[in-house]
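Q: What follows is input.cif, made up of mmCIF, C-alpha atoms and all ligand atoms:
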data_upload
#
loop_
_atom_site.label_atom_id
_atom_site.label_comp_id
_atom_site.auth_asym_id
_atom_site.auth_seq_id
_atom_site.Cartn_x
_atom_site.Cartn_y
_atom_site.Cartn_z
CA MET A 1 50.06 -77.49 38.25
CA THR A 2 51.51 -76.34 41.59
CA ASP A 3 49.75 -77.38 44.77
CA PHE A 4 49.44 -74.94 47.65
CA VAL A 5 48.64 -75.08 51.32
CA LEU A 6 46.51 -72.29 52.72
CA GLY A 7 48.01 -71.32 56.09
CA ILE A 8 46.04 -69.47 58.76
CA GLU A 9 47.55 -68.00 61.94
CA THR A 10 45.54 -66.30 64.69
CA SER A 11 47.31 -67.38 67.89
CA CYS A 12 47.84 -63.91 69.32
CA ASP A 13 47.23 -60.48 67.76
CA ASP A 14 48.01 -60.99 64.06
CA THR A 15 45.45 -62.29 61.59
CA ALA A 16 47.68 -63.89 58.98
CA ILE A 17 46.90 -65.79 55.79
CA ALA A 18 49.35 -67.27 53.26
CA LEU A 19 49.55 -69.62 50.29
CA VAL A 20 52.77 -71.65 50.17
CA ASP A 21 53.94 -74.43 47.89
CA ARG A 22 55.78 -77.58 48.96
CA ASP A 23 59.20 -75.95 48.45
CA GLY A 24 58.42 -73.01 50.72
CA ASN A 25 57.72 -70.50 47.96
CA VAL A 26 55.14 -67.97 49.10
CA ALA A 27 52.57 -67.24 46.38
CA GLY A 28 50.82 -64.65 48.52
CA ALA A 29 50.51 -63.57 52.13
CA LYS A 30 48.81 -60.91 54.18
CA THR A 31 48.90 -60.05 57.88
CA VAL A 32 46.47 -57.74 59.61
CA ALA A 33 48.10 -56.45 62.83
CA GLN A 34 46.22 -55.11 65.85
CA PHE A 35 48.72 -52.68 67.42
CA ASP A 36 46.25 -49.77 67.30
CA ILE A 37 43.62 -51.78 69.15
CA HIS A 38 45.89 -52.85 72.03
CA ALA A 39 48.20 -49.83 72.35
CA GLU A 40 46.15 -48.10 75.07
CA PHE A 41 46.29 -51.25 77.25
CA GLY A 42 50.07 -51.61 76.91
CA GLY A 43 49.69 -55.27 75.88
CA VAL A 44 47.37 -57.65 74.04
CA TYR A 45 43.80 -57.53 75.40
CA PRO A 46 42.53 -61.06 74.62
CA GLU A 47 38.83 -60.29 74.18
CA LEU A 48 39.54 -57.49 71.70
CA ALA A 49 42.06 -59.68 69.87
CA SER A 50 39.42 -62.37 69.17
CA ARG A 51 36.91 -59.81 67.95
CA ALA A 52 39.44 -58.23 65.62
CA HIS A 53 40.39 -61.68 64.23
CA LEU A 54 36.73 -62.38 63.56
CA GLU A 55 36.36 -59.19 61.53
CA ALA A 56 39.59 -59.63 59.58
CA ILE A 57 39.84 -63.32 58.84
CA LEU A 58 37.48 -63.95 55.92
CA PRO A 59 38.24 -60.68 54.06
CA THR A 60 41.96 -61.52 54.41
CA VAL A 61 41.46 -65.04 53.00
CA ASP A 62 39.54 -63.50 50.08
CA SER A 63 42.19 -60.88 49.56
CA VAL A 64 45.07 -63.41 49.40
CA LEU A 65 43.15 -65.76 47.11
CA GLY A 66 42.11 -62.84 44.88
CA ALA A 67 45.60 -61.32 44.67
CA THR A 68 47.33 -64.60 43.77
CA GLY A 69 44.70 -66.00 41.44
CA VAL A 70 45.25 -69.42 43.04
CA LEU A 71 42.16 -71.55 42.49
CA LEU A 72 40.47 -73.73 45.07
CA ALA A 73 41.41 -76.71 42.90
CA ASP A 74 45.09 -75.88 43.53
CA ILE A 75 44.73 -75.92 47.32
CA LYS A 76 45.74 -79.28 48.75
CA ALA A 77 44.96 -78.60 52.41
CA ILE A 78 44.39 -75.90 55.00
CA GLY A 79 46.75 -75.62 57.98
CA VAL A 80 45.77 -73.54 61.00
CA THR A 81 47.53 -72.82 64.29
CA ARG A 82 45.94 -74.82 67.13
CA GLY A 83 48.37 -73.72 69.85
CA PRO A 84 50.11 -72.45 71.81
CA GLY A 85 48.33 -69.13 72.06
CA LEU A 86 45.34 -67.25 73.41
CA ILE A 87 42.33 -69.53 73.45
CA GLY A 88 39.87 -66.97 72.06
CA SER A 89 42.23 -66.02 69.23
CA LEU A 90 42.97 -69.66 68.39
CA LEU A 91 39.24 -70.46 68.32
CA VAL A 92 38.56 -67.87 65.62
CA GLY A 93 41.13 -69.41 63.26
CA LEU A 94 40.13 -72.98 64.08
CA SER A 95 36.39 -72.50 63.69
CA THR A 96 36.85 -70.55 60.46
CA VAL A 97 39.00 -73.38 59.08
CA GLN A 98 36.41 -75.93 60.15
CA ALA A 99 33.83 -74.07 58.06
CA LEU A 100 36.15 -73.55 55.05
CA SER A 101 37.23 -77.18 55.12
CA PHE A 102 33.60 -78.30 55.05
CA ALA A 103 32.54 -75.80 52.38
CA TRP A 104 35.52 -76.43 50.09
CA GLY A 105 35.93 -80.16 50.75
CA LYS A 106 39.60 -79.73 51.76
CA PRO A 107 41.47 -81.48 54.57
CA ALA A 108 42.25 -79.27 57.58
CA ILE A 109 45.16 -79.77 59.97
CA GLY A 110 45.82 -78.12 63.33
CA ILE A 111 49.44 -76.93 63.48
CA ASN A 112 51.83 -76.25 66.36
CA HIS A 113 52.81 -72.55 66.17
CA LEU A 114 56.31 -73.31 67.54
CA ARG A 115 56.99 -75.81 64.74
CA GLY A 116 55.82 -73.08 62.39
CA HIS A 117 58.50 -70.74 63.73
CA LEU A 118 61.12 -73.44 63.25
CA ARG A 119 60.02 -73.98 59.62
CA SER A 120 60.21 -70.23 58.95
CA VAL A 121 63.93 -70.65 58.22
CA ASP A 122 63.12 -72.73 55.13
CA LEU A 123 60.74 -70.20 53.56
CA GLU A 124 61.84 -69.02 50.08
CA GLU A 125 65.00 -71.12 50.29
CA LYS A 126 65.94 -74.35 52.06
CA ARG A 127 68.43 -73.54 54.82
CA LEU A 128 68.13 -75.93 57.76
CA THR A 129 70.29 -79.03 58.05
CA TYR A 130 70.26 -81.55 60.90
CA PRO A 131 71.25 -82.08 63.64
CA ALA A 132 70.26 -78.52 64.52
CA LEU A 133 70.40 -76.31 67.55
CA VAL A 134 67.28 -74.15 67.79
CA LEU A 135 66.99 -70.88 69.68
CA LEU A 136 63.35 -69.78 69.75
CA VAL A 137 62.96 -66.20 70.96
CA SER A 138 59.45 -64.79 70.67
CA GLY A 139 56.92 -62.86 72.72
CA GLY A 140 55.52 -66.06 74.20
CA HIS A 141 58.62 -68.27 74.37
CA THR A 142 62.35 -68.44 74.98
CA LEU A 143 63.91 -71.85 74.58
CA LEU A 144 66.92 -73.76 73.37
CA ALA A 145 66.40 -77.17 71.80
CA TYR A 146 68.51 -79.78 70.03
CA SER A 147 66.84 -81.41 67.09
CA LYS A 148 68.23 -84.57 65.42
CA ASP A 149 65.63 -84.45 62.66
CA LYS A 150 62.38 -82.68 61.75
CA TRP A 151 60.33 -84.47 64.39
CA SER A 152 62.58 -84.98 67.41
CA PHE A 153 63.37 -82.31 69.94
CA GLU A 154 65.38 -82.37 73.11
CA LEU A 155 64.49 -79.32 75.15
CA LEU A 156 67.73 -77.98 76.65
CA GLY A 157 66.22 -75.07 78.54
CA THR A 158 63.42 -72.60 78.67
CA THR A 159 62.62 -69.46 80.64
CA ARG A 160 61.55 -69.59 84.27
CA ASP A 161 59.59 -66.34 83.97
CA ASP A 162 59.41 -63.76 81.17
CA SER A 163 60.38 -64.48 77.57
CA VAL A 164 62.97 -62.28 75.84
CA GLY A 165 60.32 -60.67 73.63
CA GLU A 166 58.11 -59.98 76.63
CA SER A 167 60.98 -58.24 78.44
CA TYR A 168 61.73 -56.12 75.33
CA ASP A 169 58.03 -55.17 75.28
CA LYS A 170 57.93 -54.37 79.02
CA VAL A 171 61.08 -52.26 78.84
CA ALA A 172 59.61 -50.44 75.83
CA ARG A 173 56.50 -49.67 77.88
CA MET A 174 58.61 -48.34 80.79
CA LEU A 175 60.48 -46.12 78.35
CA GLY A 176 57.25 -44.87 76.77
CA LEU A 177 58.12 -46.35 73.38
CA GLY A 178 54.65 -47.84 72.69
CA MET A 179 53.80 -50.95 70.67
CA PRO A 180 55.33 -52.91 69.07
CA GLY A 181 57.98 -52.60 71.75
CA GLY A 182 60.75 -54.89 70.51
CA PRO A 183 61.62 -53.03 67.30
CA ALA A 184 61.46 -49.66 69.14
CA VAL A 185 63.91 -50.78 71.85
CA ASP A 186 66.13 -52.23 69.15
CA ILE A 187 66.27 -48.94 67.22
CA CYS A 188 67.00 -46.87 70.37
CA ALA A 189 69.65 -49.37 71.46
CA LYS A 190 71.59 -48.88 68.25
CA GLN A 191 72.00 -45.19 69.05
CA GLY A 192 72.90 -45.64 72.72
CA ASN A 193 75.93 -46.42 74.83
CA PRO A 194 75.62 -49.74 76.70
CA ALA A 195 77.36 -48.34 79.78
CA ILE A 196 74.78 -49.19 82.46
CA ARG A 197 75.59 -52.49 84.14
CA PHE A 198 72.31 -54.40 84.22
CA PRO A 199 72.36 -58.02 85.46
CA LYS A 200 72.83 -60.92 83.05
CA PRO A 201 70.50 -63.42 84.71
CA MET A 202 71.62 -67.06 84.95
CA ILE A 203 74.47 -66.47 82.50
CA LYS A 204 76.70 -68.98 84.28
CA GLU A 205 74.09 -71.72 84.55
CA GLY A 206 73.30 -74.31 81.85
CA TYR A 207 70.52 -73.58 79.41
CA GLU A 208 67.70 -72.19 81.55
CA PHE A 209 66.76 -68.53 81.17
CA SER A 210 65.23 -65.86 83.41
CA PHE A 211 64.50 -62.31 82.32
CA SER A 212 62.21 -60.84 84.97
CA GLY A 213 65.10 -59.74 87.23
CA LEU A 214 66.66 -57.84 84.33
CA LYS A 215 63.35 -56.08 83.66
CA SER A 216 63.00 -55.15 87.37
CA SER A 217 66.55 -53.85 87.39
CA VAL A 218 65.72 -51.57 84.43
CA ALA A 219 62.61 -50.35 86.32
CA ARG A 220 64.73 -49.55 89.43
CA HIS A 221 67.27 -47.71 87.32
CA LEU A 222 64.53 -45.53 85.81
CA GLU A 223 63.11 -44.75 89.27
CA ASN A 224 66.51 -43.78 90.63
CA ASN A 225 67.58 -41.79 87.55
CA PRO A 226 64.63 -39.64 86.43
CA ASP A 227 66.67 -37.96 83.67
CA PHE A 228 67.75 -41.25 82.14
CA ASP A 229 68.76 -41.48 78.48
CA VAL A 230 66.33 -43.74 76.57
CA ASN A 231 68.99 -44.83 74.09
CA ASP A 232 71.57 -45.70 76.75
CA VAL A 233 69.03 -47.66 78.82
CA SER A 234 67.91 -49.54 75.68
CA ALA A 235 71.50 -50.25 74.62
CA SER A 236 72.42 -51.52 78.09
CA PHE A 237 69.30 -53.69 78.34
CA VAL A 238 69.92 -55.19 74.89
CA ALA A 239 73.58 -55.79 75.77
CA SER A 240 72.51 -57.85 78.81
CA CYS A 241 70.01 -59.88 76.76
CA LEU A 242 72.57 -60.52 74.03
CA ALA A 243 75.24 -61.54 76.52
CA VAL A 244 72.90 -64.15 78.03
CA LEU A 245 71.65 -65.48 74.69
CA SER A 246 75.14 -65.57 73.15
CA THR A 247 76.74 -67.30 76.13
CA LYS A 248 74.11 -70.05 76.27
CA VAL A 249 74.08 -70.60 72.54
CA THR A 250 77.89 -70.85 72.40
CA ARG A 251 77.80 -73.32 75.31
CA ALA A 252 75.22 -75.46 73.47
CA ILE A 253 77.14 -75.37 70.17
CA LYS A 254 80.30 -76.56 71.93
CA GLU A 255 78.45 -79.34 73.75
CA TYR A 256 76.13 -80.59 70.97
CA LYS A 257 78.19 -79.76 67.84
CA PRO A 258 75.15 -79.24 65.56
CA ALA A 259 75.43 -79.03 61.78
CA SER A 260 73.32 -75.90 61.81
CA PHE A 261 71.93 -73.42 64.24
CA ALA A 262 68.50 -71.81 63.76
CA VAL A 263 67.33 -68.62 65.48
CA VAL A 264 63.58 -68.13 65.11
CA GLY A 265 60.68 -66.13 66.60
CA GLY A 266 59.89 -62.43 66.61
CA VAL A 267 63.10 -61.39 68.37
CA ALA A 268 65.03 -62.96 65.46
CA ALA A 269 63.83 -59.91 63.50
CA SER A 270 66.25 -57.79 65.54
CA PRO A 271 69.30 -56.79 63.46
CA GLN A 272 71.39 -56.79 66.66
CA VAL A 273 70.32 -60.31 67.58
CA ARG A 274 70.99 -61.47 64.00
CA GLN A 275 74.46 -59.92 64.02
CA ALA A 276 75.33 -61.40 67.43
CA MET A 277 74.25 -64.86 66.28
CA GLN A 278 76.15 -64.50 63.00
CA ASP A 279 79.30 -63.63 64.97
CA ILE A 280 78.93 -66.81 67.03
CA ALA A 281 78.24 -68.96 63.96
CA THR A 282 81.35 -67.61 62.23
CA LYS A 283 83.53 -68.12 65.30
CA GLU A 284 82.25 -71.63 65.99
CA GLY A 285 82.14 -72.71 62.33
CA VAL A 286 78.42 -73.57 62.35
CA CYS A 287 75.93 -72.75 59.63
CA LEU A 288 73.45 -70.11 60.87
CA CYS A 289 69.85 -70.39 59.63
CA LEU A 290 67.73 -67.27 60.03
CA PRO A 291 64.23 -66.73 58.67
CA PRO A 292 63.96 -64.00 56.05
CA LEU A 293 63.18 -60.83 58.04
CA LYS A 294 59.51 -60.67 57.08
CA TRP A 295 58.91 -64.25 58.23
CA ALA A 296 60.54 -63.91 61.69
CA THR A 297 57.53 -62.44 63.49
CA ASP A 298 54.18 -64.26 63.48
CA ASN A 299 52.94 -65.08 59.99
CA ALA A 300 50.93 -67.71 58.15
CA ALA A 301 53.58 -68.73 55.61
CA MET A 302 55.48 -70.61 58.33
CA ILE A 303 52.24 -72.36 59.37
CA ALA A 304 51.60 -73.37 55.75
CA LEU A 305 55.12 -74.75 55.34
CA ALA A 306 54.79 -76.73 58.58
CA THR A 307 51.50 -78.10 57.22
CA TRP A 308 53.40 -79.71 54.32
CA ASP A 309 55.44 -81.68 56.92
CA TYR A 310 52.27 -82.89 58.62
CA LEU A 311 50.89 -83.97 55.22
CA ASP A 312 54.12 -85.75 54.26
CA GLN A 313 54.20 -87.64 57.56
CA ASP A 314 50.44 -88.24 57.52
CA ILE A 315 50.16 -86.61 60.93
CA GLN A 316 46.50 -85.94 61.61
CA THR A 317 45.58 -83.48 64.29
CA GLY A 318 42.20 -82.15 65.30
CA LEU A 319 40.91 -78.61 65.23
CA GLU A 320 40.54 -78.21 69.00
CA PRO A 321 42.52 -75.32 70.49
CA LYS A 322 45.62 -76.39 72.45
CA PRO A 323 46.76 -73.21 74.25
CA ASN A 324 49.66 -74.98 76.01
CA LEU A 325 51.17 -77.00 73.18
CA ARG A 326 54.94 -77.60 73.54
CA LEU A 327 57.66 -77.74 70.87
CA GLY A 328 57.76 -81.54 70.75
CA ASP A 329 53.99 -81.88 70.30
CA ALA A 330 52.46 -82.26 66.83
O1 LIG A 401 57.06 -64.56 67.24
P1 LIG A 401 56.28 -63.34 67.56
O2 LIG A 401 55.80 -62.47 66.43
O3 LIG A 401 55.03 -63.67 68.44
C1 LIG A 401 55.03 -64.71 69.39
O4 LIG A 401 54.93 -65.89 68.97
O5 LIG A 401 55.15 -64.37 70.58
O6 LIG A 401 57.21 -62.48 68.54
C2 LIG A 401 56.80 -61.24 69.01
C3 LIG A 401 57.90 -60.66 69.85
C4 LIG A 401 57.46 -59.39 70.56
O7 LIG A 401 57.84 -59.48 71.92
C5 LIG A 401 58.24 -58.31 69.83
O8 LIG A 401 58.54 -57.20 70.65
C6 LIG A 401 59.50 -59.04 69.42
O9 LIG A 401 59.02 -60.32 69.03
N1 LIG A 401 60.15 -58.39 68.28
C7 LIG A 401 61.37 -57.83 68.36
C8 LIG A 401 61.62 -57.25 67.10
N2 LIG A 401 60.54 -57.48 66.29
C9 LIG A 401 59.65 -58.19 67.06
N3 LIG A 401 62.25 -57.76 69.37
C10 LIG A 401 63.40 -57.14 69.14
N4 LIG A 401 63.71 -56.53 67.97
C11 LIG A 401 62.86 -56.57 66.93
N5 LIG A 401 63.19 -55.98 65.77
ZN ZN A 402 55.06 -66.62 67.32
#
Could you take the file, read its structure, and then write that structure out as structure tokens?

A:
Amino acid sequence: MTDFVLGIETSCDDTAIALVDRDGNVAGAKTVAQFDIHAEFGGVYPELASRAHLEAILPTVDSVLGATGVLLADIKAIGVTRGPGLIGSLLVGLSTVQALSFAWGKPAIGINHLRGHLRSVDLEEKRLTYPALVLLVSGGHTLLAYSKDKWSFELLGTTRDDSVGESYDKVARMLGLGMPGGPAVDICAKQGNPAIRFPKPMIKEGYEFSFSGLKSSVARHLENNPDFDVNDVSASFVASCLAVLSTKVTRAIKEYKPASFAVVGGVAASPQVRQAMQDIATKEGVCLCLPPLKWATDNAAMIALATWDYLDQDIQTGLEPKPNLRLGDA
């Protein structure tokens, strides 16, 4: 008999449920996205996000259990994101898990969403080896960390303002590309000429990031050039982002000499980011670990796989929301 963890993720605007075994095989997973609900606001509207989670969560649990035929007896524990994230969204997942845990008599563990992203690289196949350099690029975070083993992290740098994903989303909004912004900018960028010279913020300095100046520079360019070409602006913006990410990652690989290098978070779904990171890995002779495409953006399979680590290490966490959890926290 195979044991499964039921993973539940509601930290932002995706209601995600998954059943994952100890080796990272995904028996079933479903994500209900909320793009239609938030599109008119140009970003996630927290109150509406919580309400949509509330409506979707139990039917999605039922749907995943029904589709896989996994029995309650085969579920070893329930893992649910406790932070970081929007407090109202987190509360829906956490309170639902509290009820399910009580009703089913299963242990429930609150999971750090950022550790979930890191574990996404081991879904379906084990990829990560230590020591590892980790580049986390999502809507909420941009950071570089050095990790000697599963539980130790040295934060090398983070962003002083916007995250990479956030700046993709804001540029998409300026260009009228709608939500989700990142993939839209990425597609336009592939067809454009990166000829506009946007700044590459903090490229010469260590491992800290800053993206708000780049975003403002794109806004100024659009104001001054009303007949701008969407594809060229996208391509030039992406080129600046990639130059910054690539330079800092290369610097960190040379300094820390990791065995592997993981790129995780929603922006790791970008084919251009993946290619740029592969080029660096090849040049520097480091093993690149990327999550399978479908597990790069927020999902519950990564939360379930992280839950297995918490179980193995007997790490017990509560079900209180922790909106500001950091990578090194359990
Ligand atoms: O990890 P994620 O799903 O949510 C957070 O934890 O924040 O990341 C979402 C971010 C959004 O900013 C989205 O625009 C970006 O990831 N993203 C992409 C792509 N797919 C998602 N950015 C660039 N290219 C993509 N293909
Ligand atoms: Zn995320």

Q: Show me which residues line ligand ZN 402 (chain A), defined as having an atom within 9 Å of a ligand atom where all atoms listed in the file count, and present them as a ChimeraX atom specification.

A: /A:11-12,84-85,113-114,116-117,137-141,264-266,296-299

Q: For the residues in that selection, give me C-alpha atoms as a PDB file, in the coordinates of the input.

A:
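The result, written out as result_18.pdb:
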ATOM      1  CA  SER A  11      47.310 -67.380  67.890  1.00  0.00           C
ATOM      2  CA  CYS A  12      47.840 -63.910  69.320  1.00  0.00           C
ATOM      3  CA  PRO A  84      50.110 -72.450  71.810  1.00  0.00           C
ATOM      4  CA  GLY A  85      48.330 -69.130  72.060  1.00  0.00           C
ATOM      5  CA  HIS A 113      52.810 -72.550  66.170  1.00  0.00           C
ATOM      6  CA  LEU A 114      56.310 -73.310  67.540  1.00  0.00           C
ATOM      7  CA  GLY A 116      55.820 -73.080  62.390  1.00  0.00           C
ATOM      8  CA  HIS A 117      58.500 -70.740  63.730  1.00  0.00           C
ATOM      9  CA  VAL A 137      62.960 -66.200  70.960  1.00  0.00           C
ATOM     10  CA  SER A 138      59.450 -64.790  70.670  1.00  0.00           C
ATOM     11  CA  GLY A 139      56.920 -62.860  72.720  1.00  0.00           C
ATOM     12  CA  GLY A 140      55.520 -66.060  74.200  1.00  0.00           C
ATOM     13  CA  HIS A 141      58.620 -68.270  74.370  1.00  0.00           C
ATOM     14  CA  VAL A 264      63.580 -68.130  65.110  1.00  0.00           C
ATOM     15  CA  GLY A 265      60.680 -66.130  66.600  1.00  0.00           C
ATOM     16  CA  GLY A 266      59.890 -62.430  66.610  1.00  0.00           C
ATOM     17  CA  ALA A 296      60.540 -63.910  61.690  1.00  0.00           C
ATOM     18  CA  THR A 297      57.530 -62.440  63.490  1.00  0.00           C
ATOM     19  CA  ASP A 298      54.180 -64.260  63.480  1.00  0.00           C
ATOM     20  CA  ASN A 299      52.940 -65.080  59.990  1.00  0.00           C
TER      21      ASN A 299
END

Q: Which of these, A:Val92, A:Val44, A:Val70, A:Leu156, has the shortest distance to ligand LIG 401 (chain A) once you count all atoms listed in the file?

A: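 Of A:Val92, A:Val44, A:Val70, A:Leu156, the one nearest ligand LIG 401 (chain A), counting all atoms listed in the file, is A:Val44.
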
Q: Taking all atoms listed in the file into account, name the residue in A:Asp279, A:Ala300, A:Thr2, A:Leu293 that is nearest to Thr60 (chain A).

A: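 Of A:Asp279, A:Ala300, A:Thr2, A:Leu293, the one nearest Thr60 (chain A), counting all atoms listed in the file, is A:Ala300.
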
Q: Can you measure CA of Leu6 (chain A) to CA of Thr307 (chain A) for me? One decimal in Å is fine.

A: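 So the two atoms, CA of Leu6 (chain A) and CA of Thr307 (chain A), lie 8.9 Å apart.
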
Q: Just checking: using all atoms listed in the file, which residue out of A:Ile78, A:Ile315, A:Val267, A:Cys289 ends up closest to ligand LIG 401 (chain A)?

A: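 Counting all atoms listed in the file, the residue closest to ligand LIG 401 (chain A) is A:Val267.
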
Q: Do you know which residues are at most 8 Å from Asp74 (chain A) counting all atoms listed in the file, after dropping those on the same chain fewer than 5 positions away, and could you put them as a list in words?

A: Met1, Thr2, Asp3 and Phe4 of chain A

Q: Can you tell me which residues surround region 204-212 of chain A at a distance of at most 10 Å, considering all atoms listed in the file, apart from same-chain residues fewer than 2 positions away, and format the answer as a PyMOL selection string?

A: chain A and resi 142-145+155-168+170+199-202+214-218+240-241+244-245+247-249+251-252

Q: Counting all atoms listed in the file, which of A:Tyr310, A:Phe153, A:Tyr45, A:Tyr130 gets nearest to Cys287 (chain A)?

A: A:Tyr130

Q: Kindly give the distance, in Å, that separates CA of Ala18 (chain A) and CA of Leu72 (chain A), rounded to a single decimal.

A: 13.7 Å

Q: Can you tell me, as a VMD selection string, what residues are no more than 9 Å from Pro180 (chain A) when counting only C-alpha atoms, ignoring any on the same chain fewer than 6 positions away?

A: chain A and resid 35 39 169 172

Q: Name the closest residue to ligand LIG 401 (chain A) among the candidates A:Val230, A:Ile8, A:Ile303, A:Ala184; distances are taken between atoms, counting all atoms listed in the file.

A: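 Result for the nearest residue to ligand LIG 401 (chain A): A:Ala184.
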
Q: Report, in Å to a single decimal, how far apart CA of Ala77 (chain A) and CA of Pro131 (chain A) are.

A: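 Separation between CA of Pro131 (chain A) and CA of Ala77 (chain A): 28.8 Å.
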
Q: For Gly105 (chain A), which residue among A:Val80, A:Cys188, A:Met302, A:Ala73 is the nearest when counting only C-alpha atoms?

A: A:Ala73

Q: Counting only C-alpha atoms, note down every residue that has an atom within 10 Å of the point (71.3, -50.7, 63.7) (file coordinates), as a list in words.

A: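 Residues with an atom at most 10 Å from (71.3, -50.7, 63.7): Asp186, Ile187, Cys188, Ala189, Lys190, Gln191, Ser270, Pro271, Gln272 and Gln275 of chain A.
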
Q: Extract, using only C-alpha atoms, all DNA, RNA and protein residues at most 12 Å from Asp229 (chain A), discarding same-chain residues fewer than 3 positions from it, and format them as a list in words.

A: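 Once the nearby chain positions are removed, what remains is Leu175, Cys188, Ala189, Gln191, Gly192, Asn193, Pro194, Ala195, Ile196, His221, Leu222, Asn225, Pro226, Asp232, Val233, Ser234, Ala235 and Ser236 of chain A.
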